[in-house]
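File shown: query.csv. Contents: CSV, C-alpha atoms.
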chain,number,residue,atom,x,y,z
A,1,MET,CA,10.3,2.9,-64.4
A,2,ALA,CA,12.3,0.4,-62.5
A,3,LYS,CA,13.9,1.5,-59.3
A,4,ALA,CA,17.6,1.2,-58.8
A,5,GLN,CA,19.0,-2.0,-57.4
A,6,PRO,CA,19.6,-2.0,-53.6
A,7,ALA,CA,22.8,-0.2,-52.6
A,8,SER,CA,24.2,-3.3,-51.1
A,9,GLU,CA,24.2,-5.0,-54.6
A,10,ILE,CA,26.1,-2.2,-56.4
A,11,ASP,CA,29.6,-2.7,-57.7
A,12,TRP,CA,31.0,0.6,-56.6
A,13,THR,CA,34.3,0.3,-58.3
A,14,ASN,CA,32.7,-0.2,-61.8
A,15,LEU,CA,30.2,2.6,-61.9
A,16,GLY,CA,29.6,4.3,-65.2
A,17,PHE,CA,28.0,7.7,-65.7
A,18,ASP,CA,24.4,6.5,-66.1
A,19,TYR,CA,20.9,7.4,-64.8
A,20,MET,CA,19.6,5.4,-61.8
A,21,ASP,CA,16.1,5.8,-60.4
A,22,LEU,CA,17.0,6.3,-56.7
A,23,PRO,CA,14.4,6.2,-54.0
A,24,TYR,CA,14.0,10.0,-53.4
A,25,ARG,CA,14.2,13.3,-55.2
A,26,PHE,CA,13.1,16.9,-54.4
A,27,LEU,CA,10.2,18.6,-56.2
A,28,ALA,CA,8.9,22.1,-56.0
A,29,HIS,CA,6.3,24.1,-58.0
A,30,TYR,CA,6.1,27.7,-59.0
A,31,GLN,CA,2.6,29.0,-59.3
A,32,ASP,CA,0.8,32.3,-58.8
A,33,GLY,CA,4.2,34.1,-58.7
A,34,LYS,CA,5.8,32.1,-55.9
A,35,TRP,CA,7.6,28.8,-55.1
A,36,ASP,CA,5.9,26.3,-52.7
A,37,ASN,CA,8.0,24.7,-50.0
A,38,GLY,CA,8.8,21.6,-52.1
A,39,GLU,CA,9.2,18.1,-50.7
A,40,LEU,CA,10.9,14.8,-51.2
A,41,THR,CA,9.0,12.4,-53.4
A,42,GLU,CA,9.5,8.8,-54.6
A,43,ASP,CA,7.9,9.5,-58.0
A,44,GLY,CA,10.7,9.8,-60.7
A,45,THR,CA,8.3,10.8,-63.4
A,46,LEU,CA,7.5,14.5,-64.1
A,47,HIS,CA,3.8,15.1,-65.0
A,48,ILE,CA,3.6,18.1,-67.3
A,49,SER,CA,1.4,19.7,-69.9
A,50,GLU,CA,2.0,19.1,-73.6
A,51,GLY,CA,2.1,22.9,-73.8
A,52,SER,CA,5.1,23.2,-71.5
A,53,THR,CA,7.6,25.8,-72.7
A,54,GLY,CA,10.4,23.5,-71.6
A,55,LEU,CA,9.3,21.1,-74.4
A,56,HIS,CA,8.7,23.7,-77.2
A,57,TYR,CA,10.9,26.7,-76.6
A,58,GLY,CA,13.8,25.3,-74.5
A,59,GLN,CA,12.9,27.1,-71.3
A,60,ALA,CA,14.9,24.7,-69.2
A,61,ASP,CA,18.2,24.9,-67.3
A,62,PHE,CA,20.0,22.6,-65.0
A,63,GLU,CA,23.0,22.1,-62.7
A,64,GLY,CA,25.4,19.3,-61.8
A,65,LEU,CA,27.2,18.8,-58.5
A,66,LYS,CA,28.4,15.9,-56.4
A,67,ALA,CA,28.4,14.5,-52.8
A,68,TYR,CA,31.5,12.8,-51.6
A,69,ARG,CA,32.0,10.1,-48.9
A,70,THR,CA,35.0,10.9,-46.7
A,71,LYS,CA,37.3,8.5,-44.9
A,72,ASP,CA,35.4,8.9,-41.6
A,73,GLY,CA,32.1,8.0,-43.4
A,74,SER,CA,30.6,11.5,-43.4
A,75,ILE,CA,29.4,13.2,-46.6
A,76,ASP,CA,30.7,16.4,-48.1
A,77,LEU,CA,29.3,18.8,-50.7
A,78,PHE,CA,31.7,20.8,-52.8
A,79,ARG,CA,30.7,24.5,-53.2
A,80,PRO,CA,26.9,24.0,-53.6
A,81,ASP,CA,26.4,27.8,-53.2
A,82,GLN,CA,28.2,28.3,-56.5
A,83,ASN,CA,25.8,26.0,-58.2
A,84,ALA,CA,22.9,27.8,-56.7
A,85,LYS,CA,24.2,31.1,-58.0
A,86,ARG,CA,25.0,29.9,-61.4
A,87,MET,CA,21.5,28.4,-61.8
A,88,GLN,CA,20.1,31.7,-60.8
A,89,ARG,CA,22.1,33.4,-63.6
A,90,SER,CA,20.9,30.8,-66.1
A,91,CYS,CA,17.3,31.3,-65.0
A,92,ALA,CA,17.7,35.1,-65.5
A,93,ARG,CA,18.8,34.5,-69.0
A,94,LEU,CA,15.7,32.4,-69.8
A,95,LEU,CA,13.3,34.6,-67.8
A,96,MET,CA,12.7,31.9,-65.3
A,97,PRO,CA,12.1,32.5,-61.6
A,98,ALA,CA,15.2,32.1,-59.4
A,99,PHE,CA,15.1,29.3,-56.8
A,100,PRO,CA,16.5,30.9,-53.6
A,101,GLU,CA,20.1,29.9,-52.7
A,102,ASP,CA,19.4,28.8,-49.2
A,103,LYS,CA,16.5,26.6,-50.3
A,104,PHE,CA,18.6,25.2,-53.1
A,105,ILE,CA,21.3,24.1,-50.7
A,106,ALA,CA,18.8,22.7,-48.2
A,107,ALA,CA,17.0,20.7,-51.0
A,108,VAL,CA,20.4,19.3,-52.1
A,109,LYS,CA,21.2,18.2,-48.6
A,110,GLN,CA,17.7,16.6,-48.2
A,111,VAL,CA,18.2,14.5,-51.4
A,112,VAL,CA,21.7,13.4,-50.3
A,113,ALA,CA,20.6,12.5,-46.8
A,114,ALA,CA,17.5,10.6,-48.1
A,115,ASN,CA,19.7,8.6,-50.6
A,116,ALA,CA,22.7,8.3,-48.3
A,117,ASP,CA,23.1,4.6,-48.9
A,118,TYR,CA,23.8,5.4,-52.5
A,119,VAL,CA,26.8,7.7,-51.8
A,120,PRO,CA,29.7,5.4,-52.9
A,121,PRO,CA,32.1,4.3,-50.2
A,122,TYR,CA,35.3,6.2,-49.7
A,123,GLY,CA,38.2,4.9,-51.8
A,124,THR,CA,36.1,3.6,-54.7
A,125,GLY,CA,36.4,6.8,-56.7
A,126,GLY,CA,32.6,7.0,-57.0
A,127,THR,CA,30.5,9.9,-56.1
A,128,LEU,CA,26.8,10.8,-55.8
A,129,TYR,CA,26.0,13.0,-58.7
A,130,LEU,CA,23.1,15.5,-58.3
A,131,ARG,CA,21.1,17.0,-61.1
A,132,PRO,CA,19.0,20.1,-60.2
A,133,LEU,CA,16.6,20.9,-63.1
A,134,MET,CA,14.1,23.6,-63.8
A,135,ILE,CA,11.6,23.7,-66.6
A,136,GLY,CA,8.7,25.9,-67.8
A,137,VAL,CA,5.4,24.0,-67.6
A,138,GLY,CA,1.7,24.6,-67.9
A,139,GLY,CA,-0.6,25.1,-70.9
A,140,ASN,CA,1.3,27.5,-73.2
A,141,ILE,CA,1.6,27.9,-77.0
A,142,GLY,CA,2.8,31.4,-77.6
A,143,VAL,CA,6.5,32.3,-77.6
A,144,HIS,CA,6.6,33.8,-74.1
A,145,PRO,CA,7.8,32.7,-70.6
A,146,ALA,CA,5.7,30.2,-68.8
A,147,ASP,CA,3.5,31.1,-65.8
A,148,GLU,CA,4.4,27.9,-64.0
A,149,TYR,CA,7.7,26.0,-63.3
A,150,ILE,CA,9.0,22.8,-61.8
A,151,PHE,CA,12.2,22.6,-59.9
A,152,THR,CA,13.6,19.2,-59.1
A,153,ILE,CA,16.8,17.6,-57.9
A,154,PHE,CA,17.5,13.9,-58.5
A,155,ALA,CA,20.7,11.9,-57.9
A,156,MET,CA,22.6,8.8,-58.9
A,157,PRO,CA,26.0,7.2,-58.0
A,158,VAL,CA,28.5,7.7,-60.8
A,159,GLY,CA,32.1,6.8,-61.7
A,160,ALA,CA,34.4,8.5,-64.2
A,161,TYR,CA,32.7,10.5,-66.9
A,162,TYR,CA,35.3,9.6,-69.4
A,163,LYS,CA,36.1,5.9,-69.6
A,164,GLY,CA,39.5,5.1,-68.0
A,165,GLY,CA,39.4,7.8,-65.4
A,166,LEU,CA,42.6,9.9,-65.2
A,167,LYS,CA,44.1,8.8,-68.5
A,168,PRO,CA,44.9,10.9,-71.5
A,169,THR,CA,42.5,10.8,-74.4
A,170,ASN,CA,42.5,12.6,-77.7
A,171,PHE,CA,40.0,15.4,-78.6
A,172,THR,CA,39.1,16.8,-82.0
A,173,THR,CA,38.0,20.2,-83.2
A,174,SER,CA,34.6,20.7,-84.8
A,175,TYR,CA,33.2,22.5,-87.8
A,176,TYR,CA,30.1,23.1,-85.7
A,177,ASP,CA,29.6,25.8,-83.1
A,178,ARG,CA,28.7,25.1,-79.5
A,179,ALA,CA,27.0,28.5,-79.0
A,180,ALA,CA,26.3,31.7,-80.9
A,181,PRO,CA,28.1,35.0,-80.2
A,182,HIS,CA,26.0,36.8,-77.5
A,183,GLY,CA,23.9,33.7,-77.2
A,184,THR,CA,23.4,31.4,-74.2
A,185,GLY,CA,26.9,29.8,-74.1
A,186,GLN,CA,27.5,31.2,-70.6
A,187,SER,CA,24.3,29.6,-69.3
A,188,LYS,CA,23.7,26.0,-68.4
A,189,VAL,CA,20.7,25.5,-70.6
A,190,GLY,CA,19.5,22.4,-72.4
A,191,GLY,CA,19.7,23.8,-75.9
A,192,ASN,CA,23.5,24.2,-75.7
A,193,TYR,CA,23.8,20.5,-75.2
A,194,GLY,CA,21.2,19.4,-77.7
A,195,GLY,CA,23.2,21.0,-80.4
A,196,SER,CA,26.3,19.3,-79.3
A,197,LEU,CA,25.0,15.7,-79.8
A,198,LEU,CA,25.7,15.5,-83.5
A,199,PRO,CA,29.3,16.7,-83.4
A,200,GLY,CA,29.9,14.7,-80.3
A,201,ASP,CA,28.6,11.6,-82.1
A,202,GLU,CA,30.8,12.2,-85.1
A,203,ALA,CA,33.9,12.7,-82.8
A,204,HIS,CA,33.2,9.4,-81.0
A,205,LYS,CA,32.8,7.5,-84.2
A,206,ALA,CA,36.2,8.9,-85.3
A,207,GLY,CA,37.8,7.6,-82.1
A,208,TYR,CA,38.0,10.8,-80.1
A,209,SER,CA,36.7,11.3,-76.5
A,210,ASP,CA,35.1,14.7,-77.1
A,211,VAL,CA,34.9,17.8,-79.2
A,212,ILE,CA,36.9,21.0,-78.8
A,213,TYR,CA,34.7,23.9,-80.0
A,214,LEU,CA,36.3,27.0,-81.4
A,215,ASP,CA,35.0,30.6,-81.1
A,216,PRO,CA,31.9,31.0,-83.3
A,217,ALA,CA,33.0,34.4,-84.7
A,218,THR,CA,36.4,33.5,-86.1
A,219,HIS,CA,37.1,29.7,-85.5
A,220,THR,CA,40.6,30.6,-84.4
A,221,LYS,CA,40.4,30.3,-80.6
A,222,ILE,CA,39.5,27.4,-78.3
A,223,GLU,CA,36.4,28.0,-76.2
A,224,GLU,CA,35.5,24.8,-74.5
A,225,ALA,CA,35.0,21.1,-74.9
A,226,GLY,CA,31.5,19.6,-75.4
A,227,SER,CA,31.1,18.7,-71.7
A,228,ALA,CA,33.9,20.6,-69.9
A,229,ASN,CA,36.2,23.7,-69.9
A,230,PHE,CA,39.7,23.6,-71.4
A,231,PHE,CA,42.9,24.3,-69.7
A,232,GLY,CA,46.6,24.3,-70.7
A,233,ILE,CA,49.8,24.4,-68.7
A,234,THR,CA,52.5,26.5,-70.5
A,235,GLN,CA,56.2,26.0,-70.6
A,236,ASP,CA,56.4,29.0,-68.2
A,237,ASN,CA,54.1,27.3,-65.7
A,238,GLU,CA,51.0,29.4,-66.4
A,239,PHE,CA,47.6,27.8,-65.9
A,240,VAL,CA,45.7,29.1,-68.9
A,241,THR,CA,41.9,28.9,-69.6
A,242,PRO,CA,40.0,30.5,-72.4
A,243,LYS,CA,38.1,33.7,-71.8
A,244,SER,CA,34.9,34.4,-73.6
A,245,ASP,CA,31.3,35.4,-72.9
A,246,SER,CA,30.2,32.2,-74.6
A,247,ILE,CA,31.9,29.9,-72.1
A,248,LEU,CA,30.0,28.2,-69.3
A,249,PRO,CA,31.7,29.5,-66.0
A,250,SER,CA,32.7,26.2,-64.6
A,251,ILE,CA,32.9,25.9,-60.8
A,252,THR,CA,35.7,23.4,-61.3
A,253,LYS,CA,37.5,25.8,-63.5
A,254,TYR,CA,37.5,28.6,-61.0
A,255,SER,CA,38.4,26.3,-58.2
A,256,LEU,CA,41.4,25.1,-60.2
A,257,LEU,CA,42.4,28.6,-61.1
A,258,TYR,CA,42.6,29.3,-57.3
A,259,LEU,CA,44.4,26.1,-56.5
A,260,ALA,CA,46.9,26.5,-59.3
A,261,GLU,CA,47.9,29.8,-57.9
A,262,ASN,CA,47.6,29.3,-54.2
A,263,ARG,CA,48.6,25.7,-53.8
A,264,LEU,CA,50.9,24.9,-56.8
A,265,GLY,CA,52.5,28.3,-57.5
A,266,LEU,CA,51.3,28.6,-61.1
A,267,LYS,CA,50.3,31.8,-62.7
A,268,PRO,CA,46.5,31.8,-63.4
A,269,VAL,CA,45.5,33.3,-66.8
A,270,GLU,CA,42.2,33.7,-68.5
A,271,GLY,CA,42.7,34.7,-72.1
A,272,ASP,CA,42.8,33.8,-75.7
A,273,VAL,CA,43.9,30.3,-76.6
A,274,PHE,CA,44.6,30.2,-80.4
A,275,ILE,CA,44.2,26.8,-82.0
A,276,ASP,CA,47.3,27.3,-84.1
A,277,ASP,CA,49.5,28.1,-81.0
A,278,LEU,CA,49.2,24.9,-79.1
A,279,ASP,CA,53.0,24.6,-78.8
A,280,ARG,CA,52.9,26.9,-75.9
A,281,PHE,CA,51.4,24.2,-73.7
A,282,LYS,CA,53.3,21.3,-72.2
A,283,GLU,CA,50.1,19.8,-70.7
A,284,ALA,CA,46.4,20.2,-71.4
A,285,GLY,CA,43.1,18.9,-70.1
A,286,ALA,CA,39.3,19.4,-69.7
A,287,MET,CA,37.7,20.2,-66.4
A,288,GLY,CA,34.2,20.1,-65.0
A,289,THR,CA,32.0,18.6,-62.3
A,290,ALA,CA,31.4,15.4,-64.2
A,291,ALA,CA,34.8,15.0,-65.7
A,292,VAL,CA,36.8,16.5,-62.7
A,293,ILE,CA,40.0,16.6,-64.8
A,294,ALA,CA,40.3,14.7,-68.1
A,295,PRO,CA,43.9,14.9,-69.4
A,296,ILE,CA,44.1,15.7,-73.1
A,297,GLY,CA,46.7,13.6,-74.9
A,298,GLY,CA,46.3,15.5,-78.2
A,299,ILE,CA,44.0,17.7,-80.2
A,300,GLU,CA,43.2,17.0,-83.8
A,301,TYR,CA,43.0,20.1,-86.0
A,302,LYS,CA,42.9,20.1,-89.8
A,303,ASP,CA,43.9,16.4,-90.0
A,304,GLN,CA,46.9,17.0,-87.7
A,305,LEU,CA,47.2,15.7,-84.2
A,306,HIS,CA,49.0,18.0,-81.8
A,307,VAL,CA,50.2,15.9,-78.8
A,308,PHE,CA,50.9,17.6,-75.5
A,309,TYR,CA,52.7,15.8,-72.7
A,310,SER,CA,51.8,12.3,-73.8
A,311,GLU,CA,49.0,10.2,-75.3
A,312,THR,CA,49.5,7.6,-72.6
A,313,GLU,CA,50.8,9.3,-69.4
A,314,VAL,CA,49.3,12.0,-67.3
A,315,GLY,CA,51.5,15.1,-67.0
A,316,PRO,CA,52.9,15.9,-63.5
A,317,THR,CA,51.2,19.2,-63.1
A,318,THR,CA,47.8,17.9,-64.2
A,319,ARG,CA,48.2,15.1,-61.7
A,320,LYS,CA,49.0,17.5,-58.9
A,321,LEU,CA,46.0,19.6,-59.7
A,322,TYR,CA,43.8,16.5,-59.8
A,323,ASP,CA,45.1,15.2,-56.5
A,324,GLU,CA,44.7,18.6,-54.8
A,325,LEU,CA,41.1,19.1,-56.0
A,326,THR,CA,39.9,15.5,-55.3
A,327,GLY,CA,41.8,15.5,-52.0
A,328,ILE,CA,39.7,18.5,-50.9
A,329,GLN,CA,36.5,17.1,-52.2
A,330,PHE,CA,37.0,13.8,-50.4
A,331,GLY,CA,38.1,15.4,-47.2
A,332,ASP,CA,41.8,14.4,-47.3
A,333,VAL,CA,43.2,17.9,-48.0
A,334,GLU,CA,42.4,21.0,-46.2
A,335,ALA,CA,39.8,23.1,-48.1
A,336,PRO,CA,39.8,26.8,-48.6
A,337,GLU,CA,37.2,28.4,-46.3
A,338,GLY,CA,33.6,27.9,-47.3
A,339,TRP,CA,34.3,25.3,-50.0
A,340,ILE,CA,32.9,22.3,-48.1
A,341,GLN,CA,29.5,21.8,-46.6
A,342,LYS,CA,28.6,18.7,-44.5
A,343,VAL,CA,25.4,16.7,-45.0
A,344,GLU,CA,23.8,15.6,-41.8
A,345,VAL,CA,22.4,12.1,-42.1

What would the structure in this file look like if it were written as structure tokens?
Amino acid sequence: MAKAQPASEIDWTNLGFDYMDLPYRFLAHYQDGKWDNGELTEDGTLHISEGSTGLHYGQADFEGLKAYRTKDGSIDLFRPDQNAKRMQRSCARLLMPAFPEDKFIAAVKQVVAANADYVPPYGTGGTLYLRPLMIGVGGNIGVHPADEYIFTIFAMPVGAYYKGGLKPTNFTTSYYDRAAPHGTGQSKVGGNYGGSLLPGDEAHKAGYSDVIYLDPATHTKIEEAGSANFFGITQDNEFVTPKSDSILPSITKYSLLYLAENRLGLKPVEGDVFIDDLDRFKEAGAMGTAAVIAPIGGIEYKDQLHVFYSETEVGPTTRKLYDELTGIQFGDVEAPEGWIQKVEV
């Protein structure tokens, strides 16, 4: 596997959302009922048994978070404690051993510091994306939890998840379900995403940016997009996001719910969002760590495209939310207490 090009040769303003084999990643092993201390390694290849449960039975979960270069050249992390907590909940759902929160945050900081040259410069719009990953490994064949696990964190500089950055794009609803009722939709596990590849591919071929999944029980309510949570801004200035046990609890979503209420004066609402009642929204978007905020121009449902604010222009409230959130992440706007952690380089 070829190593990433030197940081000095990267065009920071034209980054995609692609894997790069950076110099360092963190690796820890769980054996005999406990985690070792873990360490940084330059080996980007995981060496695992063919009997690993992560390969056969989907005993694997992951996280996504970012490091941000600020104007003074320092590096910020945005709410890494929430990623640690969410990964622990995902692990509990799959009967995997939790990785301690303090060690999770320390490992994230080690990886960022070791790869600090690859944190994009302030003002380019780029960030260092971090992917914590845990998989069941070892020689297994029965359908039961593994006895051994690998936890790793690797990183890469990225640009906008959706091409074009903060520009409206159209989404389409899907016949397929993202997750089953009472299944693993609330957990960040690999199987949720594997099942989304086919409907996502069909949506892209039809000219849409992503899929809007409806609730699996009735197919009447929006749950979330293929790679982000949904939000809508009502005519009465409510910030509305769907509520369901099948939805991944996005850290970006709960951050925006707080900011919508406390910084923009909107009323935060988690509740049902019926697909046949989209007229209540003057703006809409998708939100998540990778996407940040992706304005939704329109949603296609039953061969009809419902357009919100505009197919070409970003709505004013969506832009204010984006500016507030990214301002906090890049250190230009004062953050609520505890949201930002510094990385010592």

Subject >> For CA of Gly54 in chain A and CA of His144 in chain A, the interatomic separation in Å (one decimal) >> reply: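 Those two atoms sit 11.3 Å apart.
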
Original post:
If you measure from CA of Gly285 in chain A to CA of Leu198 in chain A, what distance in Å do you get, rounded to one decimal?
Top reply: 22.2 Å

At a cut-off of 10 Å, using all atoms listed in the file, what residues contact Thr13 in chain A? Leave out same-chain residues fewer than 3 positions from it and give the result as a compact mmCIF listing (two decimals) with C-alpha atoms, in the frame of the given file.
# COMPACT_ATOMS: atom_id res chain seq x y z
CA ILE A 10 26.10 -2.20 -56.40
CA GLY A 16 29.60 4.30 -65.20
CA PRO A 120 29.70 5.40 -52.90
CA PRO A 121 32.10 4.30 -50.20
CA GLY A 123 38.20 4.90 -51.80
CA THR A 124 36.10 3.60 -54.70
CA GLY A 125 36.40 6.80 -56.70
CA GLY A 126 32.60 7.00 -57.00
CA VAL A 158 28.50 7.70 -60.80
CA GLY A 159 32.10 6.80 -61.70

Original post:
Which of these, A:Ser310, A:Thr289, A:Gln304, A:Asn37, has the shortest distance to Gln329 in chain A once you count only C-alpha atoms?
Top reply: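 Going through A:Ser310, A:Thr289, A:Gln304, A:Asn37 one by one, the smallest distance to Gln329 in chain A is for A:Thr289.
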
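Near Ser49 in chain A, within a cut-off of 12 Å and counting all atoms listed in the file, sit the residues A:Thr53, A:Gly54, A:Leu55, A:His56, A:Ile135, A:Gly136, A:Val137, A:Gly138, A:Gly139, A:Asn140, A:Ile141, A:Ala146, A:Glu148, A:Tyr149, A:Ile150, with same-chain residues fewer than 4 positions away left out.
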